[in-house]
$ cat run-v6.txt   # compact mmCIF, C-alpha atoms
# COMPACT_ATOMS: atom_id res chain seq x y z
CA LEU A 470 59.38 -70.40 36.64
CA SER A 471 61.93 -73.13 35.99
CA ILE A 472 65.48 -72.49 34.86
CA GLN A 473 66.89 -74.79 32.19
CA TRP A 474 70.42 -75.03 33.54
CA TYR A 475 71.73 -76.97 30.57
CA ALA A 476 70.82 -74.07 28.30
CA VAL A 477 72.28 -71.58 30.77
CA CYS A 478 75.60 -73.46 30.80
CA ILE A 479 75.75 -73.81 27.01
CA LEU A 480 74.91 -70.15 26.37
CA THR A 481 77.30 -68.94 29.06
CA GLY A 482 80.09 -70.91 27.43
CA ALA A 483 79.14 -69.61 24.00
CA ALA A 484 79.16 -66.00 25.28
CA ILE A 485 82.62 -66.40 26.83
CA ALA A 486 83.91 -68.04 23.65
CA TYR A 487 82.47 -65.16 21.61
CA PHE A 488 84.17 -62.44 23.65
CA LEU A 489 87.47 -64.31 23.69
CA GLY A 490 87.22 -64.71 19.92
CA GLN A 491 86.48 -60.99 19.58
CA TYR A 492 89.64 -60.22 21.53
CA HIS A 493 91.80 -62.43 19.32
CA PHE A 494 90.19 -61.16 16.10
CA LYS A 495 90.80 -57.57 17.15
CA LYS A 496 94.48 -58.36 17.74
CA LEU A 497 94.62 -59.77 14.21
CA GLY A 498 93.22 -56.52 12.84
CA TYR A 499 89.81 -57.79 11.76
CA SER A 500 86.52 -56.01 12.31
CA LYS A 501 84.56 -57.32 15.29
CA GLU A 502 81.42 -57.34 13.15
CA ILE A 503 82.80 -60.37 11.33
CA LEU A 504 82.62 -62.53 14.42
CA SER A 505 79.22 -61.10 15.33
CA ASP A 506 77.86 -62.31 12.00
CA TYR A 507 79.68 -65.61 12.38
CA VAL A 508 78.58 -66.66 15.84
CA PHE A 509 74.81 -66.63 15.29
CA GLY A 510 75.05 -68.80 12.20
CA LEU A 511 77.50 -71.08 13.97
CA LEU A 512 75.17 -71.65 16.93
CA PHE A 513 72.28 -72.51 14.61
CA VAL A 514 74.31 -74.83 12.40
CA GLY A 515 76.02 -76.41 15.40
CA ILE A 516 72.74 -77.24 17.15
CA ILE A 517 71.29 -78.73 13.96
CA GLY A 518 74.44 -80.78 13.39
CA ALA A 519 74.49 -82.00 16.99
CA ARG A 520 70.86 -83.07 16.67
CA ILE A 521 71.35 -84.87 13.36
CA TRP A 522 74.38 -86.73 14.72
CA TYR A 523 72.39 -87.89 17.76
CA VAL A 524 69.38 -88.96 15.70
CA ILE A 525 71.54 -90.98 13.27
CA PHE A 526 73.06 -93.10 16.00
CA MET A 527 69.92 -93.38 18.14
CA TRP A 528 67.53 -93.99 15.25
CA ASN A 529 66.67 -97.62 16.03
CA GLU A 530 66.37 -97.03 19.76
CA LEU A 531 64.31 -93.83 19.79
CA TYR A 532 63.12 -92.62 16.40
CA ALA A 533 62.41 -95.50 14.01
CA ASN A 534 58.88 -95.97 15.34
CA ASN A 535 58.22 -92.27 15.86
CA PRO A 536 60.01 -90.17 13.21
CA MET A 537 58.26 -86.95 14.24
CA GLU A 538 60.18 -87.13 17.51
CA THR A 539 63.34 -86.22 15.59
CA ILE A 540 62.27 -82.57 15.44
CA MET A 541 61.35 -82.43 19.14
CA ILE A 542 64.70 -81.01 20.18
CA ASN A 543 63.17 -79.83 23.46
CA HIS A 544 62.95 -83.49 24.48
CA GLY A 545 66.73 -83.73 24.49
CA GLY A 546 69.30 -85.43 22.32
CA LEU A 547 72.39 -83.51 21.15
CA ALA A 548 75.86 -84.87 20.39
CA ILE A 549 78.75 -82.40 20.41
CA GLN A 550 80.68 -84.27 17.71
CA GLY A 551 77.99 -83.48 15.16
CA GLY A 552 78.04 -79.83 16.21
CA VAL A 553 81.83 -79.64 15.81
CA ILE A 554 81.75 -81.24 12.34
CA THR A 555 79.00 -79.02 10.97
CA GLY A 556 80.54 -76.01 12.71
CA LEU A 557 83.87 -76.62 10.96
CA ILE A 558 82.19 -76.93 7.56
CA TYR A 559 80.20 -73.75 8.16
CA SER A 560 83.34 -71.95 9.38
CA TYR A 561 85.36 -72.92 6.31
CA PHE A 562 82.84 -71.44 3.87
CA PHE A 563 82.07 -68.43 6.07
CA PHE A 564 85.68 -67.29 6.29
CA LYS A 565 86.49 -68.24 2.70
CA LYS A 566 83.70 -65.94 1.54
CA ARG A 567 85.31 -63.08 3.49
CA ASN A 568 88.85 -63.84 2.27
CA ILE A 569 90.04 -64.79 5.76
CA SER A 570 92.28 -67.82 6.19
CA PHE A 571 90.34 -70.65 7.79
CA LEU A 572 93.50 -71.70 9.66
CA VAL A 573 94.11 -68.20 11.04
CA ALA A 574 90.48 -67.95 12.13
CA GLY A 575 90.67 -71.41 13.69
CA ASP A 576 93.69 -70.43 15.77
CA ALA A 577 91.73 -67.45 17.09
CA ILE A 578 88.48 -69.29 17.76
CA MET A 579 89.37 -72.75 19.11
CA PRO A 580 90.50 -71.63 22.60
CA GLY A 581 87.02 -70.19 23.08
CA VAL A 582 85.46 -73.44 21.86
CA LEU A 583 87.19 -75.26 24.73
CA ILE A 584 85.67 -72.82 27.21
CA ALA A 585 82.22 -73.38 25.70
CA GLN A 586 82.65 -77.14 25.94
CA ALA A 587 83.93 -76.94 29.52
CA CYS A 588 80.88 -74.87 30.52
CA GLY A 589 78.52 -77.10 28.57
CA ARG A 590 79.57 -80.17 30.55
CA TRP A 591 78.15 -78.54 33.67
CA GLY A 592 74.81 -78.66 31.91
CA ASN A 593 75.21 -82.45 31.94
CA PHE A 594 75.85 -82.18 35.68
CA PHE A 595 72.59 -80.35 36.31
CA ASN A 596 70.71 -82.80 34.07
CA GLN A 597 72.37 -85.77 35.81
CA GLU A 598 73.54 -87.27 32.52
CA ALA A 599 76.77 -88.19 30.74
CA TYR A 600 78.07 -89.86 33.89
CA GLY A 601 80.41 -92.82 34.19
CA SER A 602 80.21 -96.23 35.78
CA ALA A 603 78.77 -96.91 39.24
CA VAL A 604 81.16 -96.28 42.15
CA ASP A 605 81.10 -96.27 45.93
CA LEU A 606 80.71 -93.09 47.95
CA SER A 607 84.26 -93.56 49.20
CA PHE A 608 85.54 -93.26 45.63
CA LEU A 609 83.97 -89.83 45.20
CA LYS A 610 85.15 -88.65 48.60
CA ALA A 611 88.69 -89.75 47.74
CA LEU A 612 88.57 -87.27 44.84
CA HIS A 613 88.00 -84.46 47.38
CA LEU A 614 84.95 -83.24 45.48
CA PRO A 615 82.62 -80.56 46.86
CA GLN A 616 79.59 -82.11 48.56
CA PHE A 617 77.12 -80.66 46.05
CA ILE A 618 78.83 -82.60 43.25
CA ILE A 619 78.81 -85.81 45.28
CA ASP A 620 75.11 -85.33 46.05
CA LYS A 621 74.27 -84.79 42.38
CA MET A 622 76.14 -87.96 41.41
CA TYR A 623 73.65 -90.00 43.44
CA ILE A 624 71.29 -91.11 40.66
CA HIS A 625 68.61 -93.80 40.90
CA GLY A 626 69.98 -95.07 44.19
CA GLN A 627 73.62 -95.32 43.11
CA TYR A 628 76.71 -93.09 42.93
CA TYR A 629 78.42 -92.62 39.55
CA GLN A 630 81.70 -91.28 38.25
CA PRO A 631 81.45 -87.53 37.43
CA THR A 632 82.80 -87.82 33.89
CA PHE A 633 81.30 -84.42 33.11
CA LEU A 634 83.79 -82.98 35.61
CA TYR A 635 86.71 -84.92 34.18
CA GLU A 636 86.08 -83.52 30.72
CA SER A 637 85.41 -79.99 31.93
CA CYS A 638 88.71 -79.93 33.83
CA TRP A 639 90.55 -81.59 30.96
CA ASN A 640 89.30 -78.95 28.51
CA LEU A 641 90.45 -76.17 30.81
CA CYS A 642 93.89 -77.76 31.05
CA VAL A 643 94.13 -77.96 27.25
CA LEU A 644 92.95 -74.35 27.10
CA GLY A 645 95.67 -73.28 29.53
CA PHE A 646 98.30 -74.94 27.37
CA MET A 647 96.95 -73.32 24.20
CA LEU A 648 96.94 -69.85 25.74
CA TRP A 649 100.51 -70.38 26.95
CA TYR A 650 101.67 -71.75 23.61
CA ARG A 651 99.88 -69.40 21.20
CA LYS A 652 102.71 -66.81 21.23
CA ARG A 653 105.13 -69.61 20.40
CA LYS A 654 103.16 -71.13 17.54
CA LYS A 655 105.17 -71.87 14.42
CA PHE A 656 102.54 -71.88 11.66
CA ASP A 657 98.93 -70.95 10.93
CA GLY A 658 96.56 -73.67 12.01
CA GLU A 659 98.82 -75.03 14.72
CA MET A 660 96.39 -74.05 17.48
CA LEU A 661 93.56 -75.68 15.57
CA TRP A 662 95.41 -78.99 15.40
CA ILE A 663 96.53 -78.75 19.02
CA TYR A 664 92.85 -78.39 19.90
CA PHE A 665 91.99 -81.59 18.03
CA LEU A 666 94.92 -83.38 19.64
CA GLY A 667 94.18 -82.27 23.21
CA TYR A 668 90.41 -82.48 23.04
CA GLY A 669 90.54 -85.79 21.20
CA LEU A 670 92.84 -87.41 23.75
CA GLY A 671 90.48 -86.40 26.53
CA ARG A 672 87.44 -87.81 24.74
CA VAL A 673 89.15 -91.12 23.95
CA TRP A 674 89.91 -91.55 27.66
CA ILE A 675 86.71 -90.17 29.20
CA GLU A 676 84.27 -91.79 26.77
CA GLY A 677 85.67 -95.14 27.87
CA LEU A 678 84.39 -94.40 31.37
CA ARG A 679 80.88 -93.43 30.33
CA THR A 680 77.88 -95.74 30.14
CA ASP A 681 75.73 -93.80 27.66
CA GLN A 682 77.90 -93.47 24.55
CA LEU A 683 76.43 -93.44 21.07
CA LYS A 684 77.38 -96.78 19.50
CA LEU A 685 78.29 -97.61 15.93
CA PRO A 686 75.45 -99.91 14.81
CA GLY A 687 76.38 -103.56 14.78
CA THR A 688 79.79 -103.09 16.42
CA GLY A 689 79.26 -101.95 20.00
CA LEU A 690 82.04 -99.40 19.50
CA ALA A 691 81.61 -95.86 20.83
CA VAL A 692 81.33 -93.44 17.93
CA SER A 693 82.87 -90.58 19.87
CA GLN A 694 85.93 -92.66 20.75
CA LEU A 695 86.48 -93.69 17.15
CA LEU A 696 86.07 -90.16 15.85
CA SER A 697 88.27 -88.72 18.58
CA ALA A 698 90.98 -91.30 17.90
CA ALA A 699 90.86 -90.39 14.20
CA LEU A 700 91.21 -86.70 15.03
CA VAL A 701 94.14 -87.40 17.33
CA GLY A 702 95.84 -89.43 14.61
CA ALA A 703 95.29 -86.70 12.02
CA ALA A 704 96.51 -83.99 14.40
CA VAL A 705 99.66 -85.90 15.33
CA GLY A 706 100.42 -86.57 11.67
CA ILE A 707 99.95 -82.98 10.55
CA LEU A 708 101.79 -81.44 13.51
CA HIS A 709 104.71 -83.82 12.98
CA TYR A 710 104.79 -83.08 9.25
CA LYS A 711 104.66 -79.30 9.68
CA HIS A 712 107.29 -79.20 12.41
CA SER A 713 109.58 -81.54 10.46
CA LYS A 714 109.21 -79.31 7.42
CA LEU A 715 110.04 -76.20 9.45
CA ARG A 716 113.12 -77.86 10.97
CA LYS A 717 114.31 -78.90 7.52
CA GLN A 718 113.84 -75.35 6.19
CA LYS A 719 115.74 -73.95 9.17
CA GLN A 720 118.64 -76.34 8.56
CA GLU A 721 118.77 -75.44 4.87
CA ASN A 722 118.93 -71.73 5.69
CA GLN A 723 121.80 -72.13 8.13
$ encode --input "run-v6.txt" --output "structure tokens"
Amino acid sequence: LSIQWYAVCILTGAAIAYFLGQYHFKKLGYSKEILSDYVFGLLFVGIIGARIWYVIFMWNELYANNPMETIMINHGGLAIQGGVITGLIYSYFFFKKRNISFLVAGDAIMPGVLIAQACGRWGNFFNQEAYGSAVDLSFLKALHLPQFIIDKMYIHGQYYQPTFLYESCWNLCVLGFMLWYRKRKKFDGEMLWIYFLGYGLGRVWIEGLRTDQLKLPGTGLAVSQLLSAALVGAAVGILHYKHSKLRKQKQENQ
């Protein structure tokens, strides 16, 4: 019997996200059955989207000469950006069909998504993947990491930066801010855009440290960095616009 720790980490994160979402949906007065119906479709769509995204950007390297390998998902190859994109599209139509504001639902769900992503990165740890550049042992010890993490970062005769850990911790920090701020939010959808801002900033930074990014063909640019930078720009623009509009309305009412 072998345990697939990547799957354990992903499903643990998804379960925590589900129960946190249930809690927030209940506070909003919605039936918990809504989220039960939602989460199974979301997992399916998210996995398919993550696979398609990976295949698109690894086509020449892995799949052009063996197209049937694209359906062999058990051989690995998922990219979270594709899962987030398809998950958002699925979410929009799911909640629209049930006459629930997509922005309200997003505010309730996105904190849980950060937990799922933080847990999922530990799957990369167990698989010894998604690591950064080569470093000396002294570098890892200077970070005061537990020995089991240092040992697992020794791959093919070399130590590497634990970028999985950086992102996991970053996501938890963004989560902490969102949970603190949610009672102070000014408009529907604010938590959703804060998620894109916080998560995107982390990915722009951390992806620059990794050595296995998906590249935009012909450019050498990391797809995840470009997409994350675009999300950060959109989030900053929308948050600035909404807050400026609210300040103007407040001044007019005084």
$ closest_residue --input "run-v6.txt" --among "A:Met537, A:Ala603, A:Leu695, A:Val582" --to "Ala486 of chain A" --atoms "all atoms listed in the file"
A:Val582
$ residues_around --input "run-v6.txt" --residues "Arg590 of chain A" --least-positions-apart "6" --cutoff "12 Å" --atoms "all atoms listed in the file" --output "tab-separated table (two decimals) with C-alpha atoms, in the coordinates of the input"
chain	number	residue	atom	x	y	z
A	474	TRP	CA	70.42	-75.03	33.54
A	475	TYR	CA	71.73	-76.97	30.57
A	476	ALA	CA	70.82	-74.07	28.30
A	477	VAL	CA	72.28	-71.58	30.77
A	478	CYS	CA	75.60	-73.46	30.80
A	479	ILE	CA	75.75	-73.81	27.01
A	480	LEU	CA	74.91	-70.15	26.37
A	481	THR	CA	77.30	-68.94	29.06
A	482	GLY	CA	80.09	-70.91	27.43
A	548	ALA	CA	75.86	-84.87	20.39
A	549	ILE	CA	78.75	-82.40	20.41
A	583	LEU	CA	87.19	-75.26	24.73
A	584	ILE	CA	85.67	-72.82	27.21
A	596	ASN	CA	70.71	-82.80	34.07
A	597	GLN	CA	72.37	-85.77	35.81
A	598	GLU	CA	73.54	-87.27	32.52
A	599	ALA	CA	76.77	-88.19	30.74
A	600	TYR	CA	78.07	-89.86	33.89
A	631	PRO	CA	81.45	-87.53	37.43
A	632	THR	CA	82.80	-87.82	33.89
A	633	PHE	CA	81.30	-84.42	33.11
A	634	LEU	CA	83.79	-82.98	35.61
A	635	TYR	CA	86.71	-84.92	34.18
A	636	GLU	CA	86.08	-83.52	30.72
A	637	SER	CA	85.41	-79.99	31.93
A	638	CYS	CA	88.71	-79.93	33.83
A	639	TRP	CA	90.55	-81.59	30.96
A	640	ASN	CA	89.30	-78.95	28.51
A	641	LEU	CA	90.45	-76.17	30.81
$ atom_distance --input "run-v6.txt" --atom1 "atom CA of Thr555 of chain A" --atom2 "atom CA of Gly518 of chain A"
5.5 Å
$ closest_residue --input "run-v6.txt" --among "A:Lys719, A:His712, A:His625, A:Lys610" --to "Asp657 of chain A" --atoms "only C-alpha atoms"
A:His712
$ atom_distance --input "run-v6.txt" --atom1 "atom CA of Gly702 of chain A" --atom2 "atom CA of Leu670 of chain A"
9.8 Å
$ residues_around --input "run-v6.txt" --residues "Val673 of chain A" --least-positions-apart "5" --cutoff "8 Å" --atoms "all atoms listed in the file" --output "list in words"
Ser693, Gln694, Leu695, Ser697 and Ala698 of chain A
$ write_last_selection --input "run-v6.txt" --atoms "C-alpha atoms" --output "PDB file, in the frame of the given file"
ATOM      1  CA  SER A 693      82.870 -90.580  19.870  1.00  0.00           C
ATOM      2  CA  GLN A 694      85.930 -92.660  20.750  1.00  0.00           C
ATOM      3  CA  LEU A 695      86.480 -93.690  17.150  1.00  0.00           C
ATOM      4  CA  SER A 697      88.270 -88.720  18.580  1.00  0.00           C
ATOM      5  CA  ALA A 698      90.980 -91.300  17.900  1.00  0.00           C
TER       6      ALA A 698
END
$ atom_distance --input "run-v6.txt" --atom1 "atom CA of Gly498 of chain A" --atom2 "atom CA of Ile707 of chain A"
27.4 Å
$ closest_residue --input "run-v6.txt" --among "A:Met541, A:Leu609, A:Lys652, A:Gly687" --to "His493 of chain A" --atoms "only C-alpha atoms"
A:Lys652
$ closest_residue --input "run-v6.txt" --among "A:Tyr664, A:Tyr628, A:Tyr532, A:Tyr499" --to "Asn568 of chain A" --atoms "all atoms listed in the file"
A:Tyr499
$ residues_around --input "run-v6.txt" --residues "segment 519-528 of chain A" --least-positions-apart "4" --cutoff "10 Å" --atoms "only C-alpha atoms" --output "number ranges by chain"
A: 514-515, 532-536, 538-542, 545-556, 682-686, 692
$ closest_residue --input "run-v6.txt" --among "A:Asn529, A:Tyr623, A:Pro580, A:Phe509" --to "Gly667 of chain A" --atoms "all atoms listed in the file"
A:Pro580
$ axis_aligned_box --input "run-v6.txt" --around "segment 649-668 of chain A" --padding-each-side "4 Å" --output "JSON"
{"center_x": 97.8, "center_y": -75.1, "center_z": 18.9, "size_x": 22.8, "size_y": 24.6, "size_z": 24.0}
$ closest_residue --input "run-v6.txt" --among "A:Leu612, A:Met579, A:Leu696, A:Leu678" --to "Val643 of chain A" --atoms "all atoms listed in the file"
A:Met579
$ residues_around --input "run-v6.txt" --residues "Tyr487 of chain A" --least-positions-apart "2" --cutoff "9 Å" --atoms "only C-alpha atoms" --output "list in words"
Gly482, Ala483, Ala484, Ile485, Leu489, Gly490, Gln491, Tyr492, Leu504, Ser505, Val508, Ile578, Gly581 and Val582 of chain A
